[in-house]
>>> print(open('model04.pdb').read())   # PDB, C-alpha atoms
ATOM      1  CA  MET A  20     109.428  81.566 101.455
ATOM      2  CA  SER A  21     110.701  80.408 104.810
ATOM      3  CA  ILE A  22     108.873  80.254 108.119
ATOM      4  CA  HIS A  23     111.095  83.151 109.194
ATOM      5  CA  ASP A  24     109.779  85.266 106.311
ATOM      6  CA  LEU A  25     106.216  84.335 107.185
ATOM      7  CA  ILE A  26     106.562  85.386 110.815
ATOM      8  CA  THR A  27     108.478  88.612 110.117
ATOM      9  CA  ALA A  28     105.978  89.624 107.419
ATOM     10  CA  LEU A  29     102.996  89.150 109.743
ATOM     11  CA  LEU A  30     104.768  90.787 112.669
ATOM     12  CA  GLY A  31     106.033  93.696 110.563
ATOM     13  CA  GLY A  32     102.532  94.152 109.180
ATOM     14  CA  GLY A  33     101.153  94.170 112.707
ATOM     15  CA  MET A  34     103.550  97.000 113.537
ATOM     16  CA  LEU A  35     102.297  98.994 110.536
ATOM     17  CA  GLY A  36      98.717  98.402 111.632
ATOM     18  CA  GLY A  37      99.551  99.433 115.179
ATOM     19  CA  SER A  38     101.148 102.640 113.966
ATOM     20  CA  VAL A  39      98.186 103.569 111.740
ATOM     21  CA  ALA A  40      95.670 102.762 114.488
ATOM     22  CA  ALA A  41      97.647 104.692 117.105
ATOM     23  CA  VAL A  42      97.796 107.760 114.857
ATOM     24  CA  THR A  43      94.011 107.629 114.467
ATOM     25  CA  ALA A  44      93.501 107.132 118.189
ATOM     26  CA  VAL A  45      95.538 110.237 118.989
ATOM     27  CA  THR A  46      94.855 112.598 116.086
ATOM     28  CA  GLY A  47      91.364 111.414 115.137
ATOM     29  CA  ARG A  48      92.483 111.148 111.535
ATOM     30  CA  ARG A  49      93.003 108.385 109.046
ATOM     31  CA  VAL A  50      96.252 109.319 107.408
ATOM     32  CA  GLY A  51      98.865 107.362 105.533
ATOM     33  CA  VAL A  52     102.411 108.122 104.512
ATOM     34  CA  SER A  53     101.560 110.045 101.340
ATOM     35  CA  GLY A  54      99.129 112.100 103.407
ATOM     36  CA  HIS A  55     101.924 112.943 105.849
ATOM     37  CA  ALA A  56     104.243 113.790 102.939
ATOM     38  CA  HIS A  57     101.599 116.095 101.497
ATOM     39  CA  ALA A  58     101.025 117.729 104.883
ATOM     40  CA  LEU A  59     104.758 118.317 105.256
ATOM     41  CA  LEU A  60     104.957 119.967 101.833
ATOM     42  CA  PHE A  61     101.726 121.907 101.752
ATOM     43  CA  GLY A  62     100.038 121.642 105.155
ATOM     44  CA  ARG A  63     100.140 124.041 108.042
ATOM     45  CA  GLY A  64      99.639 124.072 111.786
ATOM     46  CA  PRO A  65      99.525 120.953 113.968
ATOM     47  CA  ASP A  66      98.904 118.548 111.063
ATOM     48  CA  ARG A  67     102.137 119.689 109.431
ATOM     49  CA  ARG A  68     104.137 119.421 112.640
ATOM     50  CA  PHE A  69     102.736 115.958 113.313
ATOM     51  CA  ALA A  70     103.655 114.886 109.767
ATOM     52  CA  ALA A  71     107.168 116.285 110.125
ATOM     53  CA  TRP A  72     107.787 114.325 113.334
ATOM     54  CA  PHE A  73     106.188 111.168 111.950
ATOM     55  CA  LEU A  74     108.351 111.245 108.815
ATOM     56  CA  ALA A  75     111.449 112.122 110.857
ATOM     57  CA  GLY A  76     110.754 109.036 112.967
ATOM     58  CA  MET A  77     110.474 106.944 109.822
ATOM     59  CA  VAL A  78     113.737 108.190 108.337
ATOM     60  CA  ALA A  79     115.628 107.884 111.644
ATOM     61  CA  ALA A  80     114.365 104.393 112.526
ATOM     62  CA  GLY A  81     114.836 103.280 108.928
ATOM     63  CA  GLY A  82     118.421 104.540 109.040
ATOM     64  CA  VAL A  83     119.121 102.588 112.228
ATOM     65  CA  ALA A  84     117.498  99.456 110.771
ATOM     66  CA  ALA A  85     119.512  99.844 107.559
ATOM     67  CA  ALA A  86     122.738 100.080 109.560
ATOM     68  CA  LEU A  87     121.880  96.954 111.563
ATOM     69  CA  ALA A  88     120.347  94.878 108.746
ATOM     70  CA  PRO A  89     121.494  96.230 105.366
ATOM     71  CA  ALA A  90     120.153  93.160 103.546
ATOM     72  CA  ALA A  91     116.562  94.217 104.299
ATOM     73  CA  PHE A  92     117.219  97.428 102.342
ATOM     74  CA  SER A  93     119.126  95.978  99.397
ATOM     75  CA  ASP A  94     117.630  96.616  95.997
ATOM     76  CA  GLY A  95     118.221  93.392  94.072
ATOM     77  CA  SER A  96     115.545  94.225  91.508
ATOM     78  CA  GLY A  97     117.864  94.791  88.553
ATOM     79  CA  ARG A  98     115.894  97.944  87.738
ATOM     80  CA  PRO A  99     117.963 100.898  86.440
ATOM     81  CA  LEU A 100     118.145 103.948  88.704
ATOM     82  CA  LEU A 101     115.938 105.946  86.356
ATOM     83  CA  ALA A 102     113.075 103.524  87.100
ATOM     84  CA  PHE A 103     113.171 104.596  90.759
ATOM     85  CA  LEU A 104     112.957 108.288  89.916
ATOM     86  CA  LEU A 105     110.143 107.770  87.405
ATOM     87  CA  GLY A 106     108.376 105.235  89.640
ATOM     88  CA  GLY A 107     108.631 107.646  92.567
ATOM     89  CA  MET A 108     107.030 110.423  90.525
ATOM     90  CA  LEU A 109     104.182 108.156  89.477
ATOM     91  CA  ILE A 110     103.450 106.984  93.033
ATOM     92  CA  GLY A 111     103.571 110.582  94.275
ATOM     93  CA  TRP A 112     101.222 111.910  91.616
ATOM     94  CA  GLY A 113      98.968 108.850  91.740
ATOM     95  CA  ALA A 114      98.694 108.835  95.536
ATOM     96  CA  ARG A 115      97.521 112.451  95.539
ATOM     97  CA  ARG A 116      95.106 111.847  92.647
ATOM     98  CA  ALA A 117      93.669 108.802  94.422
ATOM     99  CA  SER A 118      93.687 110.593  97.826
ATOM    100  CA  GLY A 119      95.824 107.885  99.395
ATOM    101  CA  CYS A 120      98.499 105.269  98.963
ATOM    102  CA  THR A 121      99.282 101.773 100.196
ATOM    103  CA  SER A 122      99.000 102.900 103.824
ATOM    104  CA  GLY A 123      96.059 105.316 103.702
ATOM    105  CA  HIS A 124      93.971 103.138 101.374
ATOM    106  CA  GLY A 125      95.790  99.827 101.791
ATOM    107  CA  ILE A 126      95.897  99.669 105.580
ATOM    108  CA  ALA A 127      93.467 102.221 107.045
ATOM    109  CA  GLY A 128      90.844 102.354 104.274
ATOM    110  CA  VAL A 129      90.610  98.599 103.776
ATOM    111  CA  ALA A 130      90.316  98.106 107.556
ATOM    112  CA  ASP A 131      87.345 100.511 107.407
ATOM    113  CA  ARG A 132      85.946  98.495 104.475
ATOM    114  CA  SER A 133      85.776 101.686 102.422
ATOM    115  CA  PRO A 134      84.652 100.891  98.856
ATOM    116  CA  ARG A 135      86.989 103.586  97.521
ATOM    117  CA  SER A 136      89.960 102.088  99.314
ATOM    118  CA  VAL A 137      89.183  98.517  98.257
ATOM    119  CA  THR A 138      88.882  99.751  94.652
ATOM    120  CA  ALA A 139      92.123 101.711  94.916
ATOM    121  CA  VAL A 140      94.090  98.788  96.375
ATOM    122  CA  THR A 141      92.794  96.400  93.713
ATOM    123  CA  LEU A 142      93.875  98.812  90.977
ATOM    124  CA  PHE A 143      97.262  99.430  92.644
ATOM    125  CA  GLY A 144      97.952  95.695  92.519
ATOM    126  CA  LEU A 145      96.608  95.096  89.014
ATOM    127  CA  ALA A 146      98.608  97.970  87.524
ATOM    128  CA  ALA A 147     101.777  96.856  89.317
ATOM    129  CA  MET A 148     101.276  93.282  88.084
ATOM    130  CA  ALA A 149     100.826  94.544  84.537
ATOM    131  CA  ILE A 150     104.095  96.505  84.704
ATOM    132  CA  VAL A 151     105.992  93.541  86.172
ATOM    133  CA  LYS A 152     104.513  91.336  83.431
ATOM    134  CA  LEU A 153     105.671  93.804  80.749
ATOM    135  CA  TRP A 154     109.034  94.376  82.421
ATOM    136  CA  PRO A 155     109.960  91.254  84.370
ATOM    137  CA  VAL A 156     112.134  91.271  87.458
ATOM    138  CA  ARG A 157     115.510  89.797  86.616
ATOM    139  CA  GLY A 158     116.600  86.462  88.014
ATOM    140  CA  ASP A 159     115.222  84.011  90.532
ATOM    141  CA  GLN A 160     114.912  84.343  94.265
TER     142      GLN A 160
ATOM    143  CA  MET B  26     102.149 120.646 119.372
ATOM    144  CA  THR B  27     103.326 119.545 122.762
ATOM    145  CA  ARG B  28     106.634 117.788 123.255
ATOM    146  CA  ARG B  29     104.611 114.664 124.059
ATOM    147  CA  GLY B  30     102.719 114.957 120.782
ATOM    148  CA  ALA B  31     105.940 115.315 118.827
ATOM    149  CA  GLY B  32     107.422 112.323 120.634
ATOM    150  CA  PHE B  33     104.339 110.273 119.883
ATOM    151  CA  ALA B  34     104.444 111.197 116.179
ATOM    152  CA  PHE B  35     108.146 110.351 116.021
ATOM    153  CA  GLY B  36     107.533 107.009 117.736
ATOM    154  CA  ALA B  37     104.608 106.117 115.468
ATOM    155  CA  GLY B  38     106.762 106.892 112.418
ATOM    156  CA  ALA B  39     109.614 104.825 113.830
ATOM    157  CA  LEU B  40     107.251 101.880 114.481
ATOM    158  CA  PHE B  41     105.984 102.136 110.903
ATOM    159  CA  ALA B  42     109.477 102.128 109.410
ATOM    160  CA  LEU B  43     110.644  99.232 111.600
ATOM    161  CA  GLY B  44     107.571  97.222 110.587
ATOM    162  CA  LEU B  45     108.354  97.787 106.913
ATOM    163  CA  ALA B  46     111.997  96.811 107.419
ATOM    164  CA  LEU B  47     111.114  93.687 109.417
ATOM    165  CA  ALA B  48     108.664  92.558 106.735
ATOM    166  CA  GLY B  49     111.225  93.223 103.984
ATOM    167  CA  ALA B  50     109.088  95.839 102.216
ATOM    168  CA  THR B  51     112.099  98.177 102.206
ATOM    169  CA  SER B  52     113.651  95.937  99.539
ATOM    170  CA  PRO B  53     112.299  96.670  96.037
ATOM    171  CA  ARG B  54     112.982  93.055  95.148
ATOM    172  CA  VAL B  55     110.650  91.728  97.848
ATOM    173  CA  VAL B  56     107.928  94.146  96.688
ATOM    174  CA  LEU B  57     108.277  93.312  92.994
ATOM    175  CA  ASP B  58     108.344  89.571  93.703
ATOM    176  CA  ALA B  59     104.835  89.941  95.107
ATOM    177  CA  PHE B  60     103.638  90.905  91.605
ATOM    178  CA  ARG B  61     105.330  88.081  89.716
ATOM    179  CA  LEU B  62     103.455  85.062  88.533
ATOM    180  CA  ASP B  63     106.609  82.941  88.282
ATOM    181  CA  GLY B  64     108.743  83.061  91.408
ATOM    182  CA  TRP B  65     105.874  84.648  93.325
ATOM    183  CA  ASN B  66     106.719  85.691  96.893
ATOM    184  CA  PRO B  67     103.696  86.519  99.091
ATOM    185  CA  ARG B  68     105.698  88.267 101.833
ATOM    186  CA  LEU B  69     104.248  91.682 100.966
ATOM    187  CA  TRP B  70     100.694  90.352 101.034
ATOM    188  CA  LEU B  71     101.279  88.693 104.409
ATOM    189  CA  MET B  72     102.494  92.043 105.688
ATOM    190  CA  PHE B  73      99.264  93.720 104.564
ATOM    191  CA  GLY B  74      97.332  90.857 106.162
ATOM    192  CA  GLY B  75      99.106  91.383 109.472
ATOM    193  CA  ALA B  76      98.389  95.114 109.263
ATOM    194  CA  GLN B  77      94.691  94.457 108.579
ATOM    195  CA  LEU B  78      94.368  92.181 111.606
ATOM    196  CA  VAL B  79      95.657  94.914 113.891
ATOM    197  CA  THR B  80      94.060  97.984 112.290
ATOM    198  CA  ALA B  81      90.618  96.440 111.883
ATOM    199  CA  ARG B  82      90.520  95.221 115.497
ATOM    200  CA  ALA B  83      91.940  98.480 116.831
ATOM    201  CA  THR B  84      89.381 100.456 114.827
ATOM    202  CA  ALA B  85      86.502  98.373 116.159
ATOM    203  CA  TRP B  86      87.739  99.041 119.678
ATOM    204  CA  LEU B  87      88.241 102.720 118.961
ATOM    205  CA  LEU B  88      84.714 103.034 117.617
ATOM    206  CA  ARG B  89      83.212 101.398 120.691
ATOM    207  CA  ALA B  90      85.300 103.621 122.941
ATOM    208  CA  SER B  91      84.522 106.754 120.940
ATOM    209  CA  ILE B  92      80.783 106.093 120.945
ATOM    210  CA  LYS B  93      80.859 105.757 124.713
ATOM    211  CA  LEU B  94      82.947 108.906 124.980
ATOM    212  CA  ALA B  95      81.064 110.893 122.368
ATOM    213  CA  PRO B  96      80.328 114.282 123.886
ATOM    214  CA  ARG B  97      78.047 115.471 121.113
ATOM    215  CA  PRO B  98      75.642 114.136 118.497
ATOM    216  CA  SER B  99      77.258 111.941 115.895
ATOM    217  CA  ILE B 100      78.493 113.460 112.680
ATOM    218  CA  GLN B 101      76.700 111.818 109.791
ATOM    219  CA  ARG B 102      78.006 111.122 106.338
ATOM    220  CA  PRO B 103      76.596 113.881 104.161
ATOM    221  CA  GLY B 104      73.457 112.626 102.532
ATOM    222  CA  ALA B 105      73.950 108.983 103.403
ATOM    223  CA  GLY B 106      72.217 108.929 106.764
ATOM    224  CA  VAL B 107      74.716 106.338 108.000
ATOM    225  CA  PRO B 108      77.524 107.187 110.383
ATOM    226  CA  ALA B 109      80.910 107.064 108.680
ATOM    227  CA  PRO B 110      83.260 104.411 110.045
ATOM    228  CA  LEU B 111      85.098 107.021 112.053
ATOM    229  CA  GLY B 112      82.385 109.600 111.824
ATOM    230  CA  ARG B 113      81.406 110.229 115.376
ATOM    231  CA  GLY B 114      82.590 111.259 118.725
ATOM    232  CA  CYS B 115      86.165 111.596 119.729
ATOM    233  CA  THR B 116      89.241 109.547 120.381
ATOM    234  CA  PRO B 117      89.916 108.179 123.866
ATOM    235  CA  GLY B 118      92.216 111.174 124.272
ATOM    236  CA  GLY B 119      89.353 113.574 123.557
ATOM    237  CA  THR B 120      90.328 114.661 120.029
ATOM    238  CA  ALA B 121      87.381 114.878 117.627
ATOM    239  CA  LEU B 122      87.427 112.111 115.021
ATOM    240  CA  ARG B 123      87.761 113.622 111.583
ATOM    241  CA  PRO B 124      86.465 111.148 109.021
ATOM    242  CA  ALA B 125      87.616 111.269 105.446
ATOM    243  CA  PRO B 126      84.910 112.808 103.283
ATOM    244  CA  HIS B 127      82.666 110.055 101.963
ATOM    245  CA  ARG B 128      82.760 110.056  98.185
ATOM    246  CA  PRO B 129      81.840 107.492  95.574
ATOM    247  CA  VAL B 130      84.435 105.788  93.402
ATOM    248  CA  ASP B 131      85.217 108.305  90.661
ATOM    249  CA  THR B 132      87.551 108.813  87.731
ATOM    250  CA  ARG B 133      90.140 110.619  89.836
ATOM    251  CA  LEU B 134      90.430 107.630  92.133
ATOM    252  CA  VAL B 135      90.673 105.137  89.272
ATOM    253  CA  VAL B 136      93.232 107.143  87.284
ATOM    254  CA  GLY B 137      95.260 107.934  90.392
ATOM    255  CA  ALA B 138      95.272 104.302  91.532
ATOM    256  CA  LEU B 139      96.365 103.023  88.122
ATOM    257  CA  VAL B 140      99.184 105.588  87.903
ATOM    258  CA  PHE B 141     100.231 104.754  91.462
ATOM    259  CA  GLY B 142     100.235 101.028  90.689
ATOM    260  CA  ALA B 143     102.335 101.576  87.579
ATOM    261  CA  GLY B 144     104.939 103.429  89.641
ATOM    262  CA  TRP B 145     104.814 100.691  92.279
ATOM    263  CA  GLY B 146     105.486  98.031  89.653
ATOM    264  CA  LEU B 147     108.230 100.109  88.062
ATOM    265  CA  ALA B 148     110.231 100.880  91.206
ATOM    266  CA  GLY B 149     109.071  98.359  93.810
ATOM    267  CA  VAL B 150     108.731 101.305  96.181
ATOM    268  CA  CYS B 151     105.676 102.995  97.672
ATOM    269  CA  PRO B 152     105.649 106.089  99.901
ATOM    270  CA  GLY B 153     106.327 104.194 103.162
ATOM    271  CA  PRO B 154     109.512 102.452 102.016
ATOM    272  CA  ALA B 155     110.636 105.636 100.223
ATOM    273  CA  PHE B 156     110.868 107.384 103.597
ATOM    274  CA  ALA B 157     111.967 104.342 105.611
ATOM    275  CA  ALA B 158     114.891 103.711 103.260
ATOM    276  CA  ALA B 159     115.848 107.374 102.817
ATOM    277  CA  ALA B 160     118.770 107.086 105.253
ATOM    278  CA  SER B 161     119.973 103.738 103.880
ATOM    279  CA  THR B 162     122.963 103.606 101.581
ATOM    280  CA  GLY B 163     121.336 102.675  98.271
ATOM    281  CA  PRO B 164     120.898 105.515  95.755
ATOM    282  CA  HIS B 165     117.661 103.906  94.548
ATOM    283  CA  ALA B 166     115.831 104.875  97.754
ATOM    284  CA  LEU B 167     116.811 108.547  97.556
ATOM    285  CA  LEU B 168     115.837 108.685  93.894
ATOM    286  CA  ALA B 169     112.446 107.174  94.690
ATOM    287  CA  LEU B 170     111.946 109.714  97.492
ATOM    288  CA  ALA B 171     112.960 112.592  95.208
ATOM    289  CA  GLY B 172     110.490 111.331  92.611
ATOM    290  CA  LEU B 173     107.764 110.982  95.245
ATOM    291  CA  VAL B 174     108.193 114.569  96.424
ATOM    292  CA  ALA B 175     108.247 115.802  92.832
ATOM    293  CA  GLY B 176     105.116 113.817  91.996
ATOM    294  CA  ILE B 177     103.203 115.189  94.981
ATOM    295  CA  ALA B 178     104.380 118.718  94.175
ATOM    296  CA  LEU B 179     103.432 118.334  90.500
ATOM    297  CA  HIS B 180      99.945 117.288  91.478
ATOM    298  CA  ASP B 181      99.312 119.798  94.230
ATOM    299  CA  ALA B 182     101.459 122.850  93.608
ATOM    300  CA  ARG B 183      99.001 124.432  91.199
ATOM    301  CA  ASP B 184      96.093 124.061  93.625
ATOM    302  CA  HIS B 185      98.167 125.283  96.508
ATOM    303  CA  PHE B 186      99.626 128.366  94.891
ATOM    304  CA  ARG B 187      96.487 129.347  93.016
ATOM    305  CA  PRO B 188      95.948 133.079  93.539
ATOM    306  CA  GLY B 189      93.607 133.635  96.419
ATOM    307  CA  ALA B 190      93.868 130.053  97.681
TER     308      ALA B 190
END
>>> encode(input="model04.pdb", output="structure tokens")
Amino acid sequence: MSIHDLITALLGGGMLGGSVAAVTAVTGRRVGVSGHAHALLFGRGPDRRFAAWFLAGMVAAGGVAAALAPAAFSDGSGRPLLAFLLGGMLIGWGARRASGCTSGHGIAGVADRSPRSVTAVTLFGLAAMAIVKLWPVRGDQ
Amino acid sequence: MTRRGAGFAFGAGALFALGLALAGATSPRVVLDAFRLDGWNPRLWLMFGGAQLVTARATAWLLRASIKLAPRPSIQRPGAGVPAPLGRGCTPGGTALRPAPHRPVDTRLVVGALVFGAGWGLAGVCPGPAFAAAASTGPHALLALAGLVAGIALHDARDHFRPGA
């Protein structure tokens, strides 16, 4: 890992933290991306509208970033396409079951030192490590 | 929602997606390399560290501000007698803070977290990158997003469309 990677990772993380904190400061809620996705699908009223605009901002800014820096969006994992569909279903189901994902638990909940969130994040990582151990990522960096 | 509120939500989402892209979390390879023992790449963990630094400090500030601004008695965690981390007062903008319900660690959380982690290790995508990469060119991102929506719907549709709900 280069010094460039170190700085962009910390800076990018700071932007995530700023976004989560700003959402709480304005809406009064701790909500992560899976929470927004759920609100868009099943919510109503202001929460749903907020989620729709938040996710639209994500897709739009992500699209611009992907056009400017396609390498940051390249796959490179060697995983077959089916793994993304199945993996997506598991993260969707699991995030709802666990009442949060890597942003709701991983950023907001851990910052609040919530025991549930710390437990969830630990299990997220352990399960992901187990899968990568069973099904290694192809090739070197 | 006011136009300002919509603009704020859009901007917060854009900031989130740009942060993910800058940190490389929009690449499944970068995510999966964080779980390897050989060829380990800690970029993802540094990103979470950077997020913690900001969110934890911002929350501490928000709590101090909200306690000063609190217009009414604090809302207590049910039964615990201790204020929830975000359990009192209002935001600097005057919106009531709505804390997540305080619950103990239970089977739902454990099962959900393990299933989530398995999907994370399978695809190298979590909900943030699934949305941030939706308008990129790779088919993997759209498939992950389609799966995510299906997974959420599978979990919640029955509750939502239960008669009388």
>>> resolve_selection(input="model04.pdb", expression="the PyMOL selection byres ((chain A and resi 31) around 6)", output="list in words")
Thr27, Ala28, Leu29, Leu30, Gly32, Gly33 and Met34 of chain A; Gly44, Leu45, Leu47 and Ala48 of chain B
>>> resolve_selection(input="model04.pdb", expression="the PyMOL selection byres ((chain A and resi 60) around 10)", output="ChimeraX atom specification")
/A:54-59,61-63,67,70-71 /B:174,177-178,181-182
>>> closest_residue(input="model04.pdb", among="A:Val83, A:Val129, A:Ser122, A:Gly106", to="chain B", atoms="only C-alpha atoms")
A:Gly106
>>> closest_residue(input="model04.pdb", among="A:Pro89, A:Val42, A:Gly51, A:Phe143", to="chain B", atoms="all atoms listed in the file")
A:Phe143
>>> closest_residue(input="model04.pdb", among="B:Pro164, B:Gly30, B:Gly38, B:Gly146", to="Phe60 of chain B", atoms="only C-alpha atoms")
B:Gly146
>>> resolve_selection(input="model04.pdb", expression="the PyMOL selection byres ((chain A and resi 73-79) around 10)", output="mmCIF file with C-alpha atoms, in the coordinates of the input")
data_model
loop_
_atom_site.group_PDB
_atom_site.id
_atom_site.type_symbol
_atom_site.label_atom_id
_atom_site.label_comp_id
_atom_site.auth_asym_id
_atom_site.auth_seq_id
_atom_site.Cartn_x
_atom_site.Cartn_y
_atom_site.Cartn_z
ATOM 1 C CA VAL A 42 97.796 107.760 114.857
ATOM 2 C CA VAL A 52 102.411 108.122 104.512
ATOM 3 C CA HIS A 55 101.924 112.943 105.849
ATOM 4 C CA ALA A 56 104.243 113.790 102.939
ATOM 5 C CA LEU A 59 104.758 118.317 105.256
ATOM 6 C CA ARG A 67 102.137 119.689 109.431
ATOM 7 C CA ARG A 68 104.137 119.421 112.640
ATOM 8 C CA PHE A 69 102.736 115.958 113.313
ATOM 9 C CA ALA A 70 103.655 114.886 109.767
ATOM 10 C CA ALA A 71 107.168 116.285 110.125
ATOM 11 C CA TRP A 72 107.787 114.325 113.334
ATOM 12 C CA ALA A 80 114.365 104.393 112.526
ATOM 13 C CA GLY A 81 114.836 103.280 108.928
ATOM 14 C CA GLY A 82 118.421 104.540 109.040
ATOM 15 C CA VAL A 83 119.121 102.588 112.228
ATOM 16 C CA ALA A 84 117.498 99.456 110.771
ATOM 17 C CA ALA A 85 119.512 99.844 107.559
ATOM 18 C CA ALA B 31 105.940 115.315 118.827
ATOM 19 C CA GLY B 32 107.422 112.323 120.634
ATOM 20 C CA PHE B 33 104.339 110.273 119.883
ATOM 21 C CA ALA B 34 104.444 111.197 116.179
ATOM 22 C CA PHE B 35 108.146 110.351 116.021
ATOM 23 C CA GLY B 36 107.533 107.009 117.736
ATOM 24 C CA ALA B 37 104.608 106.117 115.468
ATOM 25 C CA GLY B 38 106.762 106.892 112.418
ATOM 26 C CA ALA B 39 109.614 104.825 113.830
ATOM 27 C CA LEU B 40 107.251 101.880 114.481
ATOM 28 C CA PHE B 41 105.984 102.136 110.903
ATOM 29 C CA ALA B 42 109.477 102.128 109.410
ATOM 30 C CA LEU B 43 110.644 99.232 111.600
ATOM 31 C CA LEU B 45 108.354 97.787 106.913
ATOM 32 C CA GLY B 153 106.327 104.194 103.162
ATOM 33 C CA PRO B 154 109.512 102.452 102.016
ATOM 34 C CA ALA B 155 110.636 105.636 100.223
ATOM 35 C CA PHE B 156 110.868 107.384 103.597
ATOM 36 C CA ALA B 157 111.967 104.342 105.611
ATOM 37 C CA ALA B 158 114.891 103.711 103.260
ATOM 38 C CA ALA B 159 115.848 107.374 102.817
ATOM 39 C CA ALA B 160 118.770 107.086 105.253
ATOM 40 C CA SER B 161 119.973 103.738 103.880
#
>>> closest_residue(input="model04.pdb", among="B:Asp184, B:Val140, B:Thr27, B:Leu88", to="chain A", atoms="only C-alpha atoms")
B:Val140
>>> atom_distance(input="model04.pdb", atom1="atom CA of Asp131 of chain A", atom2="atom CA of Gly176 of chain B")
27.0 Å
>>> closest_residue(input="model04.pdb", among="B:Pro67, B:Ala81, B:Phe73, B:Leu57", to="Gly142 of chain B", atoms="only C-alpha atoms")
B:Leu57
>>> atom_distance(input="model04.pdb", atom1="atom CA of Gly95 of chain A", atom2="atom CA of Gly49 of chain B")
12.1 Å
>>> closest_residue(input="model04.pdb", among="B:Leu179, B:Gly137, B:Ala143, B:Ala85", to="Cys120 of chain A", atoms="all atoms listed in the file")
B:Gly137
>>> atom_distance(input="model04.pdb", atom1="atom CA of Ser136 of chain A", atom2="atom CA of Ala91 of chain A")
28.2 Å
>>> axis_aligned_box(input="model04.pdb", around="segment 80-87 of chain A", padding_each_side="4 Å", output="lines of an AutoDock Vina configuration file")
center_x = 118.6
center_y = 100.7
center_z = 110.0
size_x = 16.4
size_y = 15.6
size_z = 13.0
>>> build_atoms(input="model04.pdb", residues="segment 52-63 of chain B", atoms="N, CA, C and O atoms", output="PDB file, keeping the file's coordinate frame")
ATOM      1  N   SER B  52     112.868  96.445 100.663  1.00  0.00           N
ATOM      2  CA  SER B  52     113.651  95.937  99.539  1.00  0.00           C
ATOM      3  C   SER B  52     112.776  95.894  98.291  1.00  0.00           C
ATOM      4  O   SER B  52     111.761  95.193  98.263  1.00  0.00           O
ATOM      5  N   PRO B  53     113.121  96.670  97.251  1.00  0.00           N
ATOM      6  CA  PRO B  53     112.299  96.670  96.037  1.00  0.00           C
ATOM      7  C   PRO B  53     112.099  95.264  95.472  1.00  0.00           C
ATOM      8  O   PRO B  53     111.052  94.949  94.901  1.00  0.00           O
ATOM      9  N   ARG B  54     113.089  94.411  95.658  1.00  0.00           N
ATOM     10  CA  ARG B  54     112.982  93.055  95.148  1.00  0.00           C
ATOM     11  C   ARG B  54     111.834  92.283  95.801  1.00  0.00           C
ATOM     12  O   ARG B  54     111.052  91.593  95.124  1.00  0.00           O
ATOM     13  N   VAL B  55     111.721  92.420  97.127  1.00  0.00           N
ATOM     14  CA  VAL B  55     110.650  91.728  97.848  1.00  0.00           C
ATOM     15  C   VAL B  55     109.292  92.240  97.360  1.00  0.00           C
ATOM     16  O   VAL B  55     108.350  91.464  97.166  1.00  0.00           O
ATOM     17  N   VAL B  56     109.191  93.556  97.140  1.00  0.00           N
ATOM     18  CA  VAL B  56     107.928  94.146  96.688  1.00  0.00           C
ATOM     19  C   VAL B  56     107.593  93.633  95.290  1.00  0.00           C
ATOM     20  O   VAL B  56     106.481  93.154  95.032  1.00  0.00           O
ATOM     21  N   LEU B  57     108.558  93.701  94.385  1.00  0.00           N
ATOM     22  CA  LEU B  57     108.277  93.312  92.994  1.00  0.00           C
ATOM     23  C   LEU B  57     107.981  91.816  92.887  1.00  0.00           C
ATOM     24  O   LEU B  57     107.178  91.408  92.047  1.00  0.00           O
ATOM     25  N   ASP B  58     108.602  91.011  93.754  1.00  0.00           N
ATOM     26  CA  ASP B  58     108.344  89.571  93.703  1.00  0.00           C
ATOM     27  C   ASP B  58     106.902  89.237  94.098  1.00  0.00           C
ATOM     28  O   ASP B  58     106.419  88.142  93.797  1.00  0.00           O
ATOM     29  N   ALA B  59     106.235  90.169  94.754  1.00  0.00           N
ATOM     30  CA  ALA B  59     104.835  89.941  95.107  1.00  0.00           C
ATOM     31  C   ALA B  59     103.923  90.080  93.886  1.00  0.00           C
ATOM     32  O   ALA B  59     102.771  89.651  93.917  1.00  0.00           O
ATOM     33  N   PHE B  60     104.446  90.683  92.807  1.00  0.00           N
ATOM     34  CA  PHE B  60     103.638  90.905  91.605  1.00  0.00           C
ATOM     35  C   PHE B  60     103.967  89.923  90.492  1.00  0.00           C
ATOM     36  O   PHE B  60     103.417  90.011  89.405  1.00  0.00           O
ATOM     37  N   ARG B  61     104.934  89.039  90.746  1.00  0.00           N
ATOM     38  CA  ARG B  61     105.330  88.081  89.716  1.00  0.00           C
ATOM     39  C   ARG B  61     104.382  86.893  89.724  1.00  0.00           C
ATOM     40  O   ARG B  61     103.860  86.515  90.757  1.00  0.00           O
ATOM     41  N   LEU B  62     104.219  86.303  88.581  1.00  0.00           N
ATOM     42  CA  LEU B  62     103.455  85.062  88.533  1.00  0.00           C
ATOM     43  C   LEU B  62     104.393  83.874  88.690  1.00  0.00           C
ATOM     44  O   LEU B  62     104.079  82.906  89.367  1.00  0.00           O
ATOM     45  N   ASP B  63     105.603  83.975  88.052  1.00  0.00           N
ATOM     46  CA  ASP B  63     106.609  82.941  88.282  1.00  0.00           C
ATOM     47  C   ASP B  63     107.550  83.457  89.367  1.00  0.00           C
ATOM     48  O   ASP B  63     107.953  84.614  89.349  1.00  0.00           O
TER      49      ASP B  63
END
